[in-house]
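Peer 1: Structure in structure tokens, see below.
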Amino acid sequence: MSGRRPSRYSEGPTTDRLGQRYRAPLLVRELPPEVAFGFLERVLPTTEPVDLVLELHRIPPERALEIVERARSVAEVELNEPGPGAESSRLEVERTSSRELGLAIARRSQELWKVGLSFVALGSGRERVEMVRARLSERLASLGFRPRVPRYEVTNVLRTAEPGLPGSRPRGYWHTLPSDGVASLFPFGDETVLEPGGILVGLALADASPVFLDRWSHASHSWGIFGTTGSGKSFAAALYVLRSRWLRPDLDLVVLDPLGEFAEFVRSLGGEVVRLADPAAGRLNPLDPITTGGDRREKAARVTSTLRALFPSLRDEEAARLDAAVMRLYDRGPEVPTYNDLIAEVERDPLPDPRLGTLLEVFRTGSLRSVNGPTTFRTAASPLSVDLSGVAEEHRAFHLTYWLDWAYGRMRDRPGPKLVLVDEAHLLVHHGPTADFLDRVVRHVRHFEAGLLLLSQNPDDFLGTPSGRSTLRNLYATALLHLSQVSNEARTFFGLTGAEAGWLPKARRPQAAGYSESLWRVGELHLPLAIVASTPEFEFLSRTLRSSRPSAGREDGL
Ligand SMILES: Nc1ncnc2c1ncn2[C@@H]1O[C@H](COP(=O)(O)OP(=O)(O)O)[C@@H](O)[C@H]1O
Ligand SMILES: [Mg+2]
């Protein structure tokens, strides 16, 4: 019996079998436009017997540029045909990202790959293996993939790759991806918390073992810190800035500081502070297309975002008229327009909208006339803090948005590692267009060796909109400090256990403990950490940071 070797291999329509071992392949027809870093751990939990087979072929740069350029011109052509709003914003994103990808390829910071991708569910019986595949398919679909079960093509999916023998592969096998996309397909299941070259972020609450993270070694360099007022966000952010500069002295830092807490800190590091409420600070013309490197269409989109942040009450038809005026301004207006030019453009409308005119008056005679005119502000200083304290509360989101636009340009143009700290980031997510802009910034700055450090009180502000969620998904590390309560949405989104969600409202705050307790989410890891400063760090920070602790009357230096 043992001498005979019965052919134990057989192939069914959608599975094959070798002895008792079944294999059920699954392909993906379409990948989502973005996947979160570490998504594979959700797709392939260790409890499910699934293989991932990857076949990679590097596309030569010249050919890669051609492919990207073609994608861009297709989006361009389609954009010029009127279509529904959602479609055109998708195309807008496509155009922007293919342009940036083109630049990255030219700069050799990204490459394009031809990627063969198949998932293979494994099991000891047909039903079982089909079930494993069905669950896998659901998980993929929930992340925006479009899975596909190959029929009568099992062998063509599963045969091993032979270099030089292209052979035909079924639909859904081949994909074209940039390096970042390829990187996300590698499962770093047990990410170490001792990343060489990283900074000390805290001590494990369980055993005081130190945890080091290196933001530069991951596809996203951005982190988020969330917690109630007084939980220690600003302190932690400044502490990480100190430690990052210690390791990378060339680190460029911009702080967007709505409450003016970081001014002294930045000065003490040898930097400069621009205080918007101070007329001597100089003007940044928010309409200057220099921030998008002269790309007038992209600039028009960003200007629209800033105006929406300023006029949240705009009705649809008013917003549409204003958008059209902004488009005309960048199509045919002066090289570097000012708000006077925008107002003239709005008035040129054959059916001028009186309310729109009244709203824009704020730039001509009202409290924003200081931003109406050419740029006079010039500084290459680093670090640099933009201090918004003293500006009208209803204008904060507006100022924050165009300064973020400016910071984006600075990140793109400067060499070396860069960090932009955005405090009170919730101001940006309350309106759809500014939330979209923030999301784009978080996704794109990694191509410039730059990261954002977003500080905000409550993650729920971000969870309420798709772009807010996308922003959160694209942070490499998220620290949750004391929260007064944890919503179900936050619990589900961060995958918190009941115990973790119950602990956050009890996490100790610095005022009582002398350090802050936090729960870090790094990839799929959850780490309860104490954020502790050394004595010299603590002394420096307590001397230079202005605490946000609510103390009546202090806000304007009274
Ligand atoms: N890790 C820490 N160790 C010691 N003191 C801290 C720490 N974090 C915050 N503090 C102190 O607690 C107060 C509130 O911190 P802050 O960073 O302003 O909170 P938030 O920005 O969340 O409102 C400040 O006085 C700060 O000096
Ligand atoms: Mg703060």
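Each chain in the structure tokens gets a letter, A, B and so on, in the order shown; residues start at 1 in every chain, and ligands are counted from 1 in the order they appear.
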What lies within 10 Å of A:Ala344 using only C-alpha atoms, ignoring chain neighbours under 4 positions off, as a PDB file with all heavy atoms, in the first residue's frame?
Peer 2:
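part_37.pdb, freshly written:
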```pdb
ATOM      1  N   ALA A 325     -16.456  81.800  -7.622  1.00  0.00           N
ATOM      2  CA  ALA A 325     -15.662  83.029  -7.656  1.00  0.00           C
ATOM      3  C   ALA A 325     -14.189  82.712  -7.378  1.00  0.00           C
ATOM      4  O   ALA A 325     -13.282  83.252  -8.017  1.00  0.00           O
ATOM      5  CB  ALA A 325     -16.198  84.033  -6.640  1.00  0.00           C
ATOM      6  N   LEU A 329     -11.067  83.331  -9.791  1.00  0.00           N
ATOM      7  CA  LEU A 329      -9.944  84.135  -9.312  1.00  0.00           C
ATOM      8  C   LEU A 329      -8.611  83.478  -9.668  1.00  0.00           C
ATOM      9  O   LEU A 329      -7.672  84.134 -10.097  1.00  0.00           O
ATOM     10  CB  LEU A 329     -10.066  84.305  -7.791  1.00  0.00           C
ATOM     11  CG  LEU A 329      -9.012  85.164  -7.115  1.00  0.00           C
ATOM     12  CD1 LEU A 329      -9.152  86.615  -7.546  1.00  0.00           C
ATOM     13  CD2 LEU A 329      -9.147  85.059  -5.590  1.00  0.00           C
ATOM     14  N   TYR A 339      -7.663  89.413  -0.928  1.00  0.00           N
ATOM     15  CA  TYR A 339      -9.105  89.335  -0.699  1.00  0.00           C
ATOM     16  C   TYR A 339      -9.857  90.432  -1.456  1.00  0.00           C
ATOM     17  O   TYR A 339     -11.002  90.236  -1.838  1.00  0.00           O
ATOM     18  CB  TYR A 339      -9.432  89.361   0.788  1.00  0.00           C
ATOM     19  CG  TYR A 339      -9.091  88.052   1.448  1.00  0.00           C
ATOM     20  CD1 TYR A 339      -7.947  87.907   2.213  1.00  0.00           C
ATOM     21  CD2 TYR A 339      -9.896  86.935   1.266  1.00  0.00           C
ATOM     22  CE1 TYR A 339      -7.608  86.696   2.782  1.00  0.00           C
ATOM     23  CE2 TYR A 339      -9.571  85.715   1.830  1.00  0.00           C
ATOM     24  CZ  TYR A 339      -8.432  85.601   2.588  1.00  0.00           C
ATOM     25  OH  TYR A 339      -8.097  84.395   3.141  1.00  0.00           O
ATOM     26  N   ASN A 340      -9.221  91.585  -1.692  1.00  0.00           N
ATOM     27  CA  ASN A 340      -9.879  92.605  -2.508  1.00  0.00           C
ATOM     28  C   ASN A 340     -10.208  92.042  -3.887  1.00  0.00           C
ATOM     29  O   ASN A 340     -11.281  92.298  -4.436  1.00  0.00           O
ATOM     30  CB  ASN A 340      -8.987  93.833  -2.666  1.00  0.00           C
ATOM     31  CG  ASN A 340      -9.127  94.771  -1.478  1.00  0.00           C
ATOM     32  OD1 ASN A 340     -10.117  94.689  -0.741  1.00  0.00           O
ATOM     33  ND2 ASN A 340      -8.148  95.636  -1.282  1.00  0.00           N
ATOM     34  N   ARG A 348     -18.469  90.714  -9.441  1.00  0.00           N
ATOM     35  CA  ARG A 348     -18.581  90.626 -10.892  1.00  0.00           C
ATOM     36  C   ARG A 348     -19.671  89.638 -11.314  1.00  0.00           C
ATOM     37  O   ARG A 348     -20.101  89.624 -12.457  1.00  0.00           O
ATOM     38  CB  ARG A 348     -17.225  90.180 -11.462  1.00  0.00           C
ATOM     39  CG  ARG A 348     -16.976  90.689 -12.855  1.00  0.00           C
ATOM     40  CD  ARG A 348     -15.516  90.556 -13.227  1.00  0.00           C
ATOM     41  NE  ARG A 348     -14.662  91.491 -12.512  1.00  0.00           N
ATOM     42  CZ  ARG A 348     -13.411  91.233 -12.122  1.00  0.00           C
ATOM     43  NH1 ARG A 348     -12.896  90.056 -12.317  1.00  0.00           N
ATOM     44  NH2 ARG A 348     -12.716  92.157 -11.507  1.00  0.00           N
ATOM     45  N   ASP A 349     -20.088  88.788 -10.383  1.00  0.00           N
ATOM     46  CA  ASP A 349     -21.178  87.849 -10.656  1.00  0.00           C
ATOM     47  C   ASP A 349     -22.378  88.629 -11.193  1.00  0.00           C
ATOM     48  O   ASP A 349     -22.764  89.634 -10.609  1.00  0.00           O
ATOM     49  CB  ASP A 349     -21.548  87.157  -9.319  1.00  0.00           C
ATOM     50  CG  ASP A 349     -22.292  85.859  -9.533  1.00  0.00           C
ATOM     51  OD1 ASP A 349     -23.145  85.837 -10.426  1.00  0.00           O
ATOM     52  OD2 ASP A 349     -22.003  84.892  -8.808  1.00  0.00           O
ATOM     53  N   GLY A 357     -21.591  89.290  -0.151  1.00  0.00           N
ATOM     54  CA  GLY A 357     -20.852  90.553  -0.108  1.00  0.00           C
ATOM     55  C   GLY A 357     -20.682  91.034   1.325  1.00  0.00           C
ATOM     56  O   GLY A 357     -19.590  91.455   1.733  1.00  0.00           O
TER      57      GLY A 357
END
```
Peer 1: For A:Arg99, work out the shell of residues within 9 Å, counting only C-alpha atoms and skipping chain neighbours fewer than 6 positions away, then give it as a list in words.
Peer 2: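 The residues that qualify are Val68, Glu69 and Arg72 of chain A.
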Peer 1: Just write the chosen residues, N, CA, C and O atoms, as a CSV table (one decimal), in the first residue's frame.
Peer 2:
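Saved as part-v7.csv:
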```
chain,number,residue,atom,x,y,z
A,68,VAL,N,2.0,56.8,-14.0
A,68,VAL,CA,1.4,57.8,-13.1
A,68,VAL,C,0.9,59.0,-13.9
A,68,VAL,O,-0.2,59.5,-13.7
A,69,GLU,N,1.7,59.4,-14.9
A,69,GLU,CA,1.3,60.5,-15.7
A,69,GLU,C,-0.1,60.2,-16.5
A,69,GLU,O,-0.9,61.1,-16.5
A,72,ARG,N,-2.9,60.5,-14.1
A,72,ARG,CA,-3.2,61.9,-13.8
A,72,ARG,C,-4.0,62.6,-15.0
A,72,ARG,O,-4.9,63.3,-14.7
```
Peer 1: Could you give me, as a PyMOL selection string, every polymer residue with an atom at most 12 Å away from an atom of ligand 2, counting only C-alpha atoms and all ligand atoms?
Peer 2: chain A and resi 225-238+256-262+421-425+454-457+481+545-550
Peer 1: Might you pull out every residue within 12 Å of stretch 240-251 of chain A, with only C-alpha atoms counted and same-chain residues fewer than 3 positions away left off, and present them as a ChimeraX atom specification?
Peer 2: /A:196-202,212-216,223-225,233-237,254-255,262,265-266,268-269,382-384,411,414-421,449-453,531-534,536-538,540-541
Peer 1: Point out the residue among A:Leu356, A:Leu529, A:Ala161, A:Ile343 with the least atom-to-atom distance to ligand 1, counting only C-alpha atoms and all ligand atoms.
Peer 2: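 That would be A:Leu529, the residue with the smallest distance to ligand 1.
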Peer 1: How many Å lie between atom CA of A:Ala490 and atom CA of A:His430, rounded to one decimal?
Peer 2: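 Calculated distance between atom CA of A:Ala490 and atom CA of A:His430 is 17.0 Å.
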Peer 1: Just want the 12 Å neighbourhood of stretch 91-94 of chain A, counted on only C-alpha atoms, with same-chain residues fewer than 5 positions away dropped. Output as a tab-separated table (two decimals) with N, CA, C and O atoms, in the first residue's frame.
Peer 2:
```tsv
chain	number	residue	atom	x	y	z
A	33	PRO	N	-8.59	53.03	-1.66
A	33	PRO	CA	-7.62	54.09	-1.97
A	33	PRO	C	-6.55	54.23	-0.89
A	33	PRO	O	-5.42	54.57	-1.18
A	34	GLU	N	-6.92	53.97	0.35
A	34	GLU	CA	-5.95	54.07	1.45
A	34	GLU	C	-6.22	52.91	2.40
A	34	GLU	O	-7.37	52.60	2.67
A	68	VAL	N	1.99	56.80	-14.04
A	68	VAL	CA	1.40	57.78	-13.14
A	68	VAL	C	0.89	58.98	-13.93
A	68	VAL	O	-0.19	59.51	-13.66
A	69	GLU	N	1.66	59.39	-14.92
A	69	GLU	CA	1.26	60.54	-15.73
A	69	GLU	C	-0.05	60.24	-16.46
A	69	GLU	O	-0.95	61.08	-16.54
A	70	ARG	N	-0.17	59.00	-16.93
A	70	ARG	CA	-1.40	58.63	-17.63
A	70	ARG	C	-2.59	58.70	-16.67
A	70	ARG	O	-3.64	59.27	-16.99
A	71	ALA	N	-2.42	58.18	-15.45
A	71	ALA	CA	-3.51	58.20	-14.45
A	71	ALA	C	-3.92	59.63	-14.16
A	71	ALA	O	-5.09	59.97	-14.05
A	72	ARG	N	-2.90	60.51	-14.12
A	72	ARG	CA	-3.18	61.90	-13.82
A	72	ARG	C	-3.96	62.55	-14.95
A	72	ARG	O	-4.93	63.26	-14.75
A	73	SER	N	-3.57	62.27	-16.18
A	73	SER	CA	-4.27	62.96	-17.27
A	73	SER	C	-5.69	62.41	-17.43
A	73	SER	O	-6.59	63.15	-17.79
A	74	VAL	N	-5.89	61.14	-17.10
A	74	VAL	CA	-7.26	60.60	-17.15
A	74	VAL	C	-8.12	61.35	-16.14
A	74	VAL	O	-9.22	61.83	-16.45
A	75	ALA	N	-7.61	61.51	-14.90
A	75	ALA	CA	-8.37	62.24	-13.88
A	75	ALA	C	-8.62	63.67	-14.33
A	75	ALA	O	-9.70	64.23	-14.15
A	76	GLU	N	-7.61	64.25	-14.96
A	76	GLU	CA	-7.70	65.63	-15.44
A	76	GLU	C	-8.84	65.78	-16.44
A	76	GLU	O	-9.68	66.65	-16.32
A	77	VAL	N	-8.86	64.87	-17.42
A	77	VAL	CA	-9.89	64.93	-18.45
A	77	VAL	C	-11.26	64.78	-17.81
A	77	VAL	O	-12.19	65.54	-18.07
A	78	GLU	N	-11.39	63.78	-16.91
A	78	GLU	CA	-12.68	63.55	-16.30
A	78	GLU	C	-13.12	64.72	-15.44
A	78	GLU	O	-14.30	65.02	-15.33
A	79	LEU	N	-12.13	65.39	-14.84
A	79	LEU	CA	-12.46	66.54	-13.98
A	79	LEU	C	-13.06	67.67	-14.79
A	79	LEU	O	-13.84	68.47	-14.28
A	80	ASN	N	-12.65	67.76	-16.06
A	80	ASN	CA	-13.15	68.85	-16.87
A	80	ASN	C	-14.56	68.59	-17.37
A	80	ASN	O	-15.18	69.45	-17.98
A	81	GLU	N	-15.05	67.35	-17.13
A	81	GLU	CA	-16.43	67.09	-17.49
A	81	GLU	C	-17.26	67.21	-16.24
A	81	GLU	O	-16.90	66.68	-15.21
A	82	PRO	N	-18.38	67.94	-16.33
A	82	PRO	CA	-19.18	68.14	-15.12
A	82	PRO	C	-19.69	66.80	-14.60
A	82	PRO	O	-20.12	65.95	-15.38
A	83	GLY	N	-19.59	66.58	-13.31
A	83	GLY	CA	-20.08	65.34	-12.72
A	83	GLY	C	-20.54	65.63	-11.32
A	83	GLY	O	-20.45	66.77	-10.85
A	84	PRO	N	-21.05	64.61	-10.62
A	84	PRO	CA	-21.52	64.83	-9.24
A	84	PRO	C	-20.37	65.24	-8.33
A	84	PRO	O	-19.22	64.89	-8.60
A	85	GLY	N	-20.67	65.98	-7.27
A	85	GLY	CA	-19.65	66.53	-6.38
A	85	GLY	C	-18.72	65.48	-5.80
A	85	GLY	O	-17.51	65.64	-5.82
A	86	ALA	N	-19.31	64.37	-5.34
A	86	ALA	CA	-18.50	63.34	-4.68
A	86	ALA	C	-17.49	62.78	-5.67
A	86	ALA	O	-16.32	62.58	-5.35
A	99	ARG	N	-0.07	63.30	-8.87
A	99	ARG	CA	0.98	64.29	-9.06
A	99	ARG	C	2.07	64.11	-8.01
A	99	ARG	O	3.27	64.09	-8.32
A	100	GLU	N	1.63	63.93	-6.75
A	100	GLU	CA	2.63	63.79	-5.69
A	100	GLU	C	3.42	62.51	-5.84
A	100	GLU	O	4.62	62.47	-5.59
A	101	LEU	N	2.73	61.46	-6.28
A	101	LEU	CA	3.42	60.21	-6.50
A	101	LEU	C	4.46	60.38	-7.62
A	101	LEU	O	5.59	59.90	-7.51
A	102	GLY	N	4.07	61.12	-8.66
A	102	GLY	CA	5.00	61.38	-9.76
A	102	GLY	C	6.25	62.07	-9.25
A	102	GLY	O	7.38	61.68	-9.59
A	297	ARG	N	-5.02	75.34	-8.97
A	297	ARG	CA	-6.26	74.59	-8.71
A	297	ARG	C	-6.30	74.07	-7.29
A	297	ARG	O	-7.29	74.17	-6.59
A	298	GLU	N	-5.17	73.49	-6.88
A	298	GLU	CA	-5.07	72.98	-5.52
A	298	GLU	C	-5.23	74.14	-4.54
A	298	GLU	O	-5.90	74.04	-3.52
A	300	ALA	N	-6.91	76.86	-5.02
A	300	ALA	CA	-8.32	77.24	-4.99
A	300	ALA	C	-9.09	76.33	-4.03
A	300	ALA	O	-9.92	76.79	-3.23
A	301	ALA	N	-8.79	75.02	-4.07
A	301	ALA	CA	-9.50	74.08	-3.19
A	301	ALA	C	-9.21	74.40	-1.73
A	301	ALA	O	-10.10	74.38	-0.87
A	302	ARG	N	-7.96	74.74	-1.43
A	302	ARG	CA	-7.62	75.03	-0.03
A	302	ARG	C	-8.24	76.34	0.43
A	302	ARG	O	-8.68	76.47	1.57
A	436	ASP	N	-11.26	67.54	5.64
A	436	ASP	CA	-10.69	66.88	4.46
A	436	ASP	C	-9.26	67.35	4.24
A	436	ASP	O	-8.37	66.56	3.91
A	437	PHE	N	-9.04	68.64	4.41
A	437	PHE	CA	-7.72	69.19	4.18
A	437	PHE	C	-6.72	68.60	5.19
A	437	PHE	O	-5.63	68.13	4.81
A	439	ASP	N	-6.89	65.82	6.69
A	439	ASP	CA	-6.69	64.42	6.34
A	439	ASP	C	-5.67	64.29	5.20
A	439	ASP	O	-4.77	63.45	5.25
A	440	ARG	N	-5.83	65.15	4.19
A	440	ARG	CA	-4.89	65.09	3.07
A	440	ARG	C	-3.48	65.39	3.55
A	440	ARG	O	-2.51	64.75	3.12
A	441	VAL	N	-3.37	66.38	4.43
A	441	VAL	CA	-2.05	66.74	4.94
A	441	VAL	C	-1.43	65.54	5.67
A	441	VAL	O	-0.28	65.17	5.42
A	443	ARG	N	-2.00	62.45	5.29
A	443	ARG	CA	-1.64	61.34	4.41
A	443	ARG	C	-0.44	61.67	3.53
A	443	ARG	O	0.30	60.78	3.14
A	444	HIS	N	-0.27	62.96	3.21
A	444	HIS	CA	0.77	63.28	2.22
A	444	HIS	C	2.11	63.70	2.80
A	444	HIS	O	3.11	63.55	2.15
```
Peer 1: Once DSSP has gone over the backbone, tell me which residues of stretch 32-175 of chain A are in alpha helix (DSSP H), as JSON, numbers by chain.
Peer 2: {"A": [40, 41, 42, 43, 61, 62, 63, 64, 65, 66, 67, 68, 69, 70, 71, 72, 73, 74, 75, 76, 77, 78, 79, 85, 86, 87, 88, 89, 90, 91, 92, 93, 94, 95, 96, 97, 98, 99, 100, 101, 102, 103, 104, 105, 106, 126, 127, 128, 129, 130, 131, 132, 133, 134, 135, 136, 137, 138, 139, 140, 141, 142, 154, 155, 156, 157, 158]}
